[in-house]
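Q: Coordinates in entry.cif, mmCIF, C-alpha atoms, are listed below.
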data_entry
#
loop_
_atom_site.group_PDB
_atom_site.id
_atom_site.type_symbol
_atom_site.label_atom_id
_atom_site.label_comp_id
_atom_site.auth_asym_id
_atom_site.auth_seq_id
_atom_site.Cartn_x
_atom_site.Cartn_y
_atom_site.Cartn_z
ATOM 1 C CA MET A 1228 -8.921 -2.088 -5.769
ATOM 2 C CA LYS A 1229 -6.494 -1.127 -2.994
ATOM 3 C CA ASN A 1230 -8.958 1.381 -1.559
ATOM 4 C CA LEU A 1231 -11.744 -1.196 -1.607
ATOM 5 C CA ARG A 1232 -9.652 -3.700 0.348
ATOM 6 C CA PHE A 1233 -8.490 -1.012 2.746
ATOM 7 C CA GLU A 1234 -12.058 0.109 3.428
ATOM 8 C CA ARG A 1235 -13.126 -3.481 4.085
ATOM 9 C CA LEU A 1236 -10.381 -3.754 6.695
ATOM 10 C CA PHE A 1237 -11.727 -0.684 8.480
ATOM 11 C CA ASN A 1238 -15.407 -1.606 7.898
ATOM 12 C CA ARG A 1239 -17.041 1.778 7.296
ATOM 13 C CA ASP A 1240 -14.476 3.736 9.288
ATOM 14 C CA GLU A 1241 -14.526 1.554 12.398
ATOM 15 C CA ARG A 1242 -11.260 0.913 14.178
ATOM 16 C CA CYS A 1243 -9.883 -2.436 13.074
ATOM 17 C CA VAL A 1244 -8.938 -5.549 15.012
ATOM 18 C CA ILE A 1245 -6.397 -7.956 13.533
ATOM 19 C CA VAL A 1246 -5.468 -11.276 15.120
ATOM 20 C CA ALA A 1247 -1.855 -12.271 14.467
ATOM 21 C CA VAL A 1248 -0.937 -15.932 14.022
ATOM 22 C CA ASP A 1249 2.275 -15.444 12.038
ATOM 23 C CA HIS A 1250 4.662 -16.162 14.935
ATOM 24 C CA CYS A 1251 5.648 -19.619 13.691
ATOM 25 C CA LEU A 1252 7.248 -18.061 10.601
ATOM 26 C CA PHE A 1253 10.105 -17.157 12.960
ATOM 27 C CA ASP A 1254 9.629 -19.303 16.072
ATOM 28 C CA GLY A 1255 8.420 -22.604 14.714
ATOM 29 C CA PRO A 1256 5.399 -24.064 16.567
ATOM 30 C CA ILE A 1257 4.464 -22.215 19.768
ATOM 31 C CA PRO A 1258 1.720 -22.961 22.316
ATOM 32 C CA GLY A 1259 -1.709 -22.350 20.866
ATOM 33 C CA MET A 1260 -0.427 -22.451 17.287
ATOM 34 C CA HIS A 1261 0.901 -25.970 16.828
ATOM 35 C CA ASN A 1262 -1.904 -26.743 14.397
ATOM 36 C CA LEU A 1263 -2.654 -23.489 12.617
ATOM 37 C CA PRO A 1264 -5.749 -24.675 10.700
ATOM 38 C CA GLU A 1265 -7.267 -25.565 14.065
ATOM 39 C CA THR A 1266 -6.036 -22.327 15.634
ATOM 40 C CA VAL A 1267 -7.813 -20.121 13.106
ATOM 41 C CA LYS A 1268 -11.086 -21.906 13.833
ATOM 42 C CA LYS A 1269 -10.863 -20.056 17.168
ATOM 43 C CA VAL A 1270 -10.746 -16.641 15.465
ATOM 44 C CA ASP A 1271 -14.121 -14.952 15.778
ATOM 45 C CA ALA A 1272 -15.739 -13.399 12.714
ATOM 46 C CA CYS A 1273 -15.990 -10.068 14.552
ATOM 47 C CA VAL A 1274 -12.315 -9.397 13.801
ATOM 48 C CA ASP A 1275 -11.330 -7.625 10.597
ATOM 49 C CA GLY A 1276 -8.177 -9.473 9.636
ATOM 50 C CA ILE A 1277 -5.889 -12.396 10.383
ATOM 51 C CA LEU A 1278 -2.148 -11.868 10.026
ATOM 52 C CA LEU A 1279 -0.307 -14.964 8.825
ATOM 53 C CA SER A 1280 2.288 -16.259 6.421
ATOM 54 C CA PRO A 1281 1.161 -16.471 2.784
ATOM 55 C CA GLY A 1282 2.202 -20.113 2.813
ATOM 56 C CA MET A 1283 -0.430 -20.892 5.445
ATOM 57 C CA ILE A 1284 -3.378 -19.226 3.711
ATOM 58 C CA PRO A 1285 -4.242 -22.325 1.597
ATOM 59 C CA HIS A 1286 -4.196 -24.478 4.753
ATOM 60 C CA CYS A 1287 -6.416 -21.999 6.597
ATOM 61 C CA ARG A 1288 -8.831 -21.043 3.825
ATOM 62 C CA HIS A 1289 -11.811 -21.991 6.004
ATOM 63 C CA ALA A 1290 -11.074 -18.792 7.965
ATOM 64 C CA PHE A 1291 -11.557 -16.666 4.839
ATOM 65 C CA ASN A 1292 -14.023 -18.435 2.525
ATOM 66 C CA PHE A 1293 -17.363 -17.104 3.788
ATOM 67 C CA LYS A 1294 -19.280 -13.852 3.531
ATOM 68 C CA GLY A 1295 -18.117 -11.404 6.188
ATOM 69 C CA ALA A 1296 -14.894 -13.312 6.845
ATOM 70 C CA PRO A 1297 -11.772 -11.536 8.110
ATOM 71 C CA LEU A 1298 -9.261 -10.377 5.510
ATOM 72 C CA ALA A 1299 -6.058 -12.359 5.010
ATOM 73 C CA VAL A 1300 -3.127 -10.069 5.869
ATOM 74 C CA ALA A 1301 0.077 -11.732 4.680
ATOM 75 C CA ARG A 1302 3.553 -11.051 6.086
ATOM 76 C CA ILE A 1303 5.856 -11.149 3.059
ATOM 77 C CA ASN A 1304 9.373 -10.280 4.215
ATOM 78 C CA TRP A 1305 11.536 -12.111 6.727
ATOM 79 C CA SER A 1306 13.776 -10.459 9.293
ATOM 80 C CA THR A 1307 16.185 -11.773 11.875
ATOM 81 C CA VAL A 1308 14.907 -9.091 14.272
ATOM 82 C CA TYR A 1309 12.191 -11.578 15.314
ATOM 83 C CA CYS A 1310 14.528 -14.542 15.883
ATOM 84 C CA PHE A 1311 15.023 -13.977 19.600
ATOM 85 C CA HIS A 1312 15.466 -17.688 20.310
ATOM 86 C CA TRP A 1313 18.470 -17.861 17.986
ATOM 87 C CA GLY A 1314 20.135 -14.874 19.586
ATOM 88 C CA TYR A 1315 20.276 -12.920 16.325
ATOM 89 C CA ARG A 1316 21.033 -9.217 16.750
ATOM 90 C CA ASP A 1317 21.540 -7.660 13.311
ATOM 91 C CA ALA A 1318 17.928 -7.264 12.068
ATOM 92 C CA ALA A 1319 18.761 -8.233 8.493
ATOM 93 C CA THR A 1320 15.724 -8.338 6.179
ATOM 94 C CA VAL A 1321 15.080 -10.289 2.982
ATOM 95 C CA PRO A 1322 12.028 -10.885 0.769
ATOM 96 C CA ALA A 1323 10.263 -14.134 1.653
ATOM 97 C CA PHE A 1324 7.271 -14.005 -0.709
ATOM 98 C CA THR A 1325 6.629 -11.614 -3.553
ATOM 99 C CA PRO A 1326 3.400 -9.607 -3.386
ATOM 100 C CA ALA A 1327 2.262 -11.478 -6.508
ATOM 101 C CA GLU A 1328 2.778 -14.822 -4.747
ATOM 102 C CA ALA A 1329 0.859 -13.577 -1.720
ATOM 103 C CA LEU A 1330 -2.000 -12.418 -3.945
ATOM 104 C CA ARG A 1331 -2.128 -15.786 -5.750
ATOM 105 C CA LEU A 1332 -2.246 -17.560 -2.399
ATOM 106 C CA GLY A 1333 -5.230 -15.467 -1.301
ATOM 107 C CA ALA A 1334 -3.881 -12.378 0.472
ATOM 108 C CA ASP A 1335 -6.112 -9.316 0.749
ATOM 109 C CA ALA A 1336 -3.334 -7.102 2.139
ATOM 110 C CA VAL A 1337 0.369 -7.446 2.860
ATOM 111 C CA LEU A 1338 2.522 -6.590 5.847
ATOM 112 C CA ILE A 1339 6.108 -5.503 5.224
ATOM 113 C CA SER A 1340 8.361 -4.883 8.202
ATOM 114 C CA LEU A 1341 11.173 -2.373 8.502
ATOM 115 C CA THR A 1342 13.925 -2.127 11.097
ATOM 116 C CA LEU A 1343 16.297 0.832 11.210
ATOM 117 C CA GLU A 1344 19.114 1.849 13.571
ATOM 118 C CA THR A 1345 20.508 -1.677 13.321
ATOM 119 C CA GLY A 1346 24.067 -0.510 13.905
ATOM 120 C CA SER A 1347 24.978 -0.734 10.222
ATOM 121 C CA GLU A 1348 24.303 2.038 7.722
ATOM 122 C CA GLU A 1349 24.577 -0.473 4.879
ATOM 123 C CA ARG A 1350 22.040 -2.802 6.502
ATOM 124 C CA ASP A 1351 19.613 0.032 7.201
ATOM 125 C CA ALA A 1352 19.828 1.146 3.575
ATOM 126 C CA ARG A 1353 19.301 -2.440 2.393
ATOM 127 C CA ASN A 1354 16.253 -2.804 4.666
ATOM 128 C CA VAL A 1355 14.727 0.324 3.115
ATOM 129 C CA GLU A 1356 15.542 -0.992 -0.359
ATOM 130 C CA VAL A 1357 13.769 -4.290 0.383
ATOM 131 C CA TYR A 1358 10.789 -2.459 1.863
ATOM 132 C CA ARG A 1359 10.371 -0.112 -1.085
ATOM 133 C CA ALA A 1360 10.785 -2.777 -3.767
ATOM 134 C CA MET A 1361 8.159 -4.996 -2.146
ATOM 135 C CA SER A 1362 5.735 -2.182 -1.402
ATOM 136 C CA GLU A 1363 5.902 -0.832 -4.954
ATOM 137 C CA GLU A 1364 4.952 -4.227 -6.382
ATOM 138 C CA ALA A 1365 2.142 -4.558 -3.833
ATOM 139 C CA ARG A 1366 0.827 -1.142 -4.812
ATOM 140 C CA ARG A 1367 0.792 -2.102 -8.514
ATOM 141 C CA LEU A 1368 -1.272 -5.156 -7.606
ATOM 142 C CA GLY A 1369 -3.799 -3.177 -5.576
ATOM 143 C CA LEU A 1370 -2.814 -4.625 -2.192
ATOM 144 C CA PRO A 1371 -2.958 -2.382 0.895
ATOM 145 C CA ILE A 1372 0.391 -2.187 2.685
ATOM 146 C CA VAL A 1373 0.753 -2.527 6.438
ATOM 147 C CA GLY A 1374 4.142 -1.095 7.349
ATOM 148 C CA GLU A 1375 5.468 -2.602 10.561
ATOM 149 C CA TYR A 1376 8.207 -0.919 12.558
ATOM 150 C CA PHE A 1377 9.948 -3.247 15.006
ATOM 151 C CA PRO A 1378 13.131 -1.905 16.622
ATOM 152 C CA ALA A 1379 16.249 -3.989 17.034
ATOM 153 C CA GLN A 1380 16.735 -5.389 20.552
ATOM 154 C CA ALA A 1381 13.410 -3.905 21.633
ATOM 155 C CA GLU A 1382 13.458 -5.766 24.951
ATOM 156 C CA GLN A 1383 16.533 -3.797 26.055
ATOM 157 C CA LEU A 1384 15.103 -0.336 25.389
ATOM 158 C CA SER A 1385 13.893 2.028 28.079
ATOM 159 C CA PRO A 1386 10.386 3.468 27.597
ATOM 160 C CA GLU A 1387 11.890 6.752 26.389
ATOM 161 C CA GLN A 1388 14.291 5.016 23.969
ATOM 162 C CA LEU A 1389 11.423 2.933 22.577
ATOM 163 C CA HIS A 1390 9.257 5.999 22.099
ATOM 164 C CA LYS A 1391 12.016 7.917 20.366
ATOM 165 C CA LYS A 1392 12.612 5.105 17.873
ATOM 166 C CA VAL A 1393 8.935 4.444 17.184
ATOM 167 C CA PHE A 1394 8.189 8.166 16.843
ATOM 168 C CA ALA A 1395 10.886 8.567 14.179
ATOM 169 C CA CYS A 1396 10.458 5.319 12.287
ATOM 170 C CA ALA A 1397 6.654 5.226 12.143
ATOM 171 C CA ARG A 1398 6.883 8.507 10.276
ATOM 172 C CA VAL A 1399 9.592 7.036 8.026
ATOM 173 C CA LEU A 1400 7.156 4.259 7.111
ATOM 174 C CA ALA A 1401 4.478 6.825 6.314
ATOM 175 C CA GLU A 1402 6.967 8.729 4.166
ATOM 176 C CA LEU A 1403 7.797 5.463 2.356
ATOM 177 C CA GLY A 1404 4.149 5.019 1.413
ATOM 178 C CA ALA A 1405 2.606 2.680 4.001
ATOM 179 C CA ASP A 1406 -1.209 2.662 4.029
ATOM 180 C CA LEU A 1407 -1.283 1.892 7.751
ATOM 181 C CA ILE A 1408 1.325 1.210 10.401
ATOM 182 C CA LYS A 1409 1.680 -1.509 13.041
ATOM 183 C CA THR A 1410 4.012 -0.775 15.922
ATOM 184 C CA PHE A 1411 4.570 -0.694 19.667
ATOM 185 C CA HIS A 1412 2.434 1.356 21.999
ATOM 186 C CA THR A 1413 4.580 3.876 23.886
ATOM 187 C CA HIS A 1414 3.984 6.174 26.834
ATOM 188 C CA ARG A 1415 3.529 9.101 24.411
ATOM 189 C CA PHE A 1416 1.735 7.172 21.687
ATOM 190 C CA ARG A 1417 -0.518 10.066 20.690
ATOM 191 C CA GLU A 1418 2.549 11.944 19.435
ATOM 192 C CA ILE A 1419 3.202 9.062 17.043
ATOM 193 C CA VAL A 1420 -0.410 8.954 15.859
ATOM 194 C CA GLU A 1421 -0.512 12.703 15.296
ATOM 195 C CA SER A 1422 2.749 12.659 13.325
ATOM 196 C CA CYS A 1423 1.481 10.098 10.793
ATOM 197 C CA PRO A 1424 -1.134 10.757 8.072
ATOM 198 C CA VAL A 1425 -2.211 7.079 8.056
ATOM 199 C CA PRO A 1426 -3.808 4.911 10.773
ATOM 200 C CA VAL A 1427 -1.421 3.545 13.407
ATOM 201 C CA LEU A 1428 -2.284 0.174 14.948
ATOM 202 C CA GLY A 1429 -0.998 -0.746 18.407
ATOM 203 C CA LEU A 1430 0.342 -4.244 18.840
ATOM 204 C CA GLY A 1431 -0.269 -6.526 21.789
ATOM 205 C CA ALA A 1432 3.404 -7.377 22.373
ATOM 206 C CA LYS A 1433 4.139 -9.869 25.161
ATOM 207 C CA LYS A 1434 1.513 -12.114 26.683
ATOM 208 C CA THR A 1435 -0.030 -10.325 29.641
ATOM 209 C CA PRO A 1436 -0.668 -12.159 32.929
ATOM 210 C CA THR A 1437 -4.445 -11.694 32.615
ATOM 211 C CA GLN A 1438 -6.969 -11.098 29.864
ATOM 212 C CA LEU A 1439 -8.177 -7.955 31.626
ATOM 213 C CA GLU A 1440 -4.675 -6.468 31.384
ATOM 214 C CA ALA A 1441 -4.636 -7.180 27.650
ATOM 215 C CA LEU A 1442 -8.007 -5.479 27.236
ATOM 216 C CA LYS A 1443 -6.773 -2.498 29.265
ATOM 217 C CA LEU A 1444 -3.796 -2.218 26.909
ATOM 218 C CA ALA A 1445 -6.194 -2.079 23.957
ATOM 219 C CA GLU A 1446 -8.345 0.460 25.797
ATOM 220 C CA THR A 1447 -5.287 2.655 26.362
ATOM 221 C CA GLU A 1448 -4.128 2.332 22.759
ATOM 222 C CA VAL A 1449 -7.536 3.415 21.473
ATOM 223 C CA ALA A 1450 -7.678 6.305 23.959
ATOM 224 C CA ASP A 1451 -4.281 7.397 22.641
ATOM 225 C CA GLY A 1452 -5.592 7.552 19.075
ATOM 226 C CA ALA A 1453 -4.785 4.130 17.635
ATOM 227 C CA GLY A 1454 -6.692 3.221 14.491
ATOM 228 C CA GLY A 1455 -6.987 -0.317 15.816
ATOM 229 C CA VAL A 1456 -4.942 -3.133 17.313
ATOM 230 C CA VAL A 1457 -3.024 -6.226 16.268
ATOM 231 C CA PHE A 1458 -3.074 -8.867 19.009
ATOM 232 C CA GLY A 1459 -1.468 -12.300 18.743
ATOM 233 C CA ARG A 1460 -0.600 -14.306 21.858
ATOM 234 C CA ASN A 1461 -3.057 -12.298 23.953
ATOM 235 C CA ALA A 1462 -5.866 -13.187 21.542
ATOM 236 C CA ILE A 1463 -4.972 -16.856 21.067
ATOM 237 C CA GLN A 1464 -3.197 -18.194 24.180
ATOM 238 C CA VAL A 1465 -6.286 -17.817 26.385
ATOM 239 C CA PRO A 1466 -8.924 -20.308 27.580
ATOM 240 C CA ASP A 1467 -11.599 -19.064 25.156
ATOM 241 C CA PRO A 1468 -9.991 -17.161 22.265
ATOM 242 C CA ALA A 1469 -13.281 -16.292 20.536
ATOM 243 C CA ALA A 1470 -14.751 -14.814 23.720
ATOM 244 C CA PHE A 1471 -11.645 -12.716 24.295
ATOM 245 C CA GLN A 1472 -11.727 -11.493 20.697
ATOM 246 C CA ARG A 1473 -15.365 -10.470 21.003
ATOM 247 C CA ALA A 1474 -14.456 -8.527 24.156
ATOM 248 C CA LEU A 1475 -11.519 -6.969 22.303
ATOM 249 C CA CYS A 1476 -13.817 -5.860 19.481
ATOM 250 C CA ASP A 1477 -16.174 -4.278 22.009
ATOM 251 C CA VAL A 1478 -13.291 -2.290 23.498
ATOM 252 C CA VAL A 1479 -11.684 -1.263 20.206
ATOM 253 C CA LYS A 1480 -14.715 -0.766 17.971
ATOM 254 C CA ARG A 1481 -17.441 0.253 20.396
ATOM 255 C CA GLY A 1482 -15.572 2.054 23.156
ATOM 256 C CA MET A 1483 -16.556 -0.311 25.946
ATOM 257 C CA THR A 1484 -14.302 -0.292 28.986
ATOM 258 C CA ALA A 1485 -12.005 -3.251 29.468
ATOM 259 C CA THR A 1486 -13.704 -4.130 32.746
ATOM 260 C CA ASP A 1487 -17.188 -4.078 31.247
ATOM 261 C CA ALA A 1488 -16.102 -6.103 28.210
ATOM 262 C CA ALA A 1489 -14.451 -8.745 30.395
ATOM 263 C CA LYS A 1490 -17.639 -9.057 32.450
ATOM 264 C CA LYS A 1491 -19.920 -9.112 29.390
ATOM 265 C CA HIS A 1492 -18.018 -12.013 27.830
ATOM 266 C CA SER A 1493 -17.368 -13.848 31.133
ATOM 267 C CA LEU A 1494 -13.613 -13.983 30.630
ATOM 268 C CA LYS A 1495 -11.782 -16.242 33.062
ATOM 269 C CA ASP A 1496 -8.034 -16.843 33.286
#
If you took the structure in this file and wrote it as structure tokens, what would it be?

A:
Amino acid sequence: MKNLRFERLFNRDERCVIVAVDHCLFDGPIPGMHNLPETVKKVDACVDGILLSPGMIPHCRHAFNFKGAPLAVARINWSTVYCFHWGYRDAATVPAFTPAEALRLGADAVLISLTLETGSEERDARNVEVYRAMSEEARRLGLPIVGEYFPAQAEQLSPEQLHKKVFACARVLAELGADLIKTFHTHRFREIVESCPVPVLGLGAKKTPTQLEALKLAETEVADGAGGVVFGRNAIQVPDPAAFQRALCDVVKRGMTATDAAKKHSLKD
């Protein structure tokens, strides 16, 4: 069953596009996601998955209940590494939902994050323990596992420091049994891709000033060997989210240039 779900996510070996709307699990309501059931109505069916909290799947089932719908990718652990607004620094991780709960709520795959080099050996070991316990249960249930590496205090890292951490820890996730990996794009991203035996998805990170810049990021990630992308704010906080997502799919899945895709879908900021 896991292989079947995994193959649906990559749709006959295409690169995959996932739209992330899980931000409110850590931030509370943010622009563009105040009303999540309405937000997911703006997700185009060309995308392969929607990343969200398991608790929101029942409220957003209209995004998943039709033939050809995106897969529900559920984030199931909770980490303070994402709580920038609270000033948290320790990157402590705990289970939030069990894989069985996520499956009952409608998940097709699960995302489990891992942060290492937190400054505490005990915390790092605990984060690995949480990751492995949750991923083993997910595997027993036939759920593909997206391993996400997000470094502590990422905003303070130089490009070389970020690359060094992602290069090491993406491979750690592969060694721990992830089926695919979601992480930051770095200036030597191909080294990360080539070091991992599973697909590596580049994330969209911060909101870019223009939609064309976001598409160029995706174009670069694909050129560097990414198996797909996971875009959140850049795919939602735009004037016409569905049009941007169709352009994103053209860039990621069909190799169109960012400039041509922006023109084709008449993107305007």

Q: Please write out, as JSON, where the centre of an axis-aligned box around all listed atoms of stretch 1308-1313 of chain A lies and how long its edges are, in Å to one decimal, after adding 4 Å on each side.

A:
{"center_x": 15.3, "center_y": -13.5, "center_z": 17.3, "size_x": 14.3, "size_y": 16.8, "size_z": 14.0}

Q: Using all atoms listed in the file, which protein or nucleic acid residues come within 10 Å of A:Pro1424? Drop anything in the same chain fewer than 6 positions from it, and give the result as a list in words.

A: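 Those residues are Arg1398, Ala1401, Glu1402, Ala1405, Asp1406 and Leu1407 of chain A.
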
Q: List, as a PyMOL selection string, every residue that the PyMOL selection byres ((chain A and resi 1469) around 6) selects in the file provided.

A: chain A and resi 1269-1271+1467-1468+1470-1472

Q: What's the 9 Å shell around stretch 1248-1263 of chain A, counting all atoms listed in the file, without same-chain residues fewer than 5 positions away, as a list in words?

A: Lys1268, Ile1277, Leu1278, Leu1279, Ser1280, Met1283, His1286, Cys1287, Ala1301, Arg1302, Trp1305, Ser1306, Thr1307, Tyr1309, Cys1310, Phe1311, His1312, Phe1458, Gly1459, Arg1460, Ile1463, Gln1464 and Val1465 of chain A

Q: As number ranges by chain, please: the residues near A:Asp1240 (cut-off 10 Å, all atoms listed in the file, same-chain neighbours under 6 positions excluded).

A: A: 1234, 1454, 1480

Q: Atom CA of A:Glu1344 and atom CA of A:Gly1455 are how many Å apart?

A: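 Between atom CA of A:Glu1344 and atom CA of A:Gly1455 the gap is 26.3 Å.
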
Q: Residues within 7 Å of stretch 1431-1442 of chain A, please, as a ChimeraX atom specification. Count only C-alpha atoms; anything in the same chain fewer than 5 positions from it doesn't count.

A: /A:1457-1461,1475,1485-1486,1489,1496

Q: When you count all atoms listed in the file, which of these residues is closest to A:Gly1295: A:Ala1323, A:Trp1313, A:Arg1235, A:Ala1334?

A: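 Using all atoms listed in the file, A:Gly1295 sits closest to A:Arg1235.
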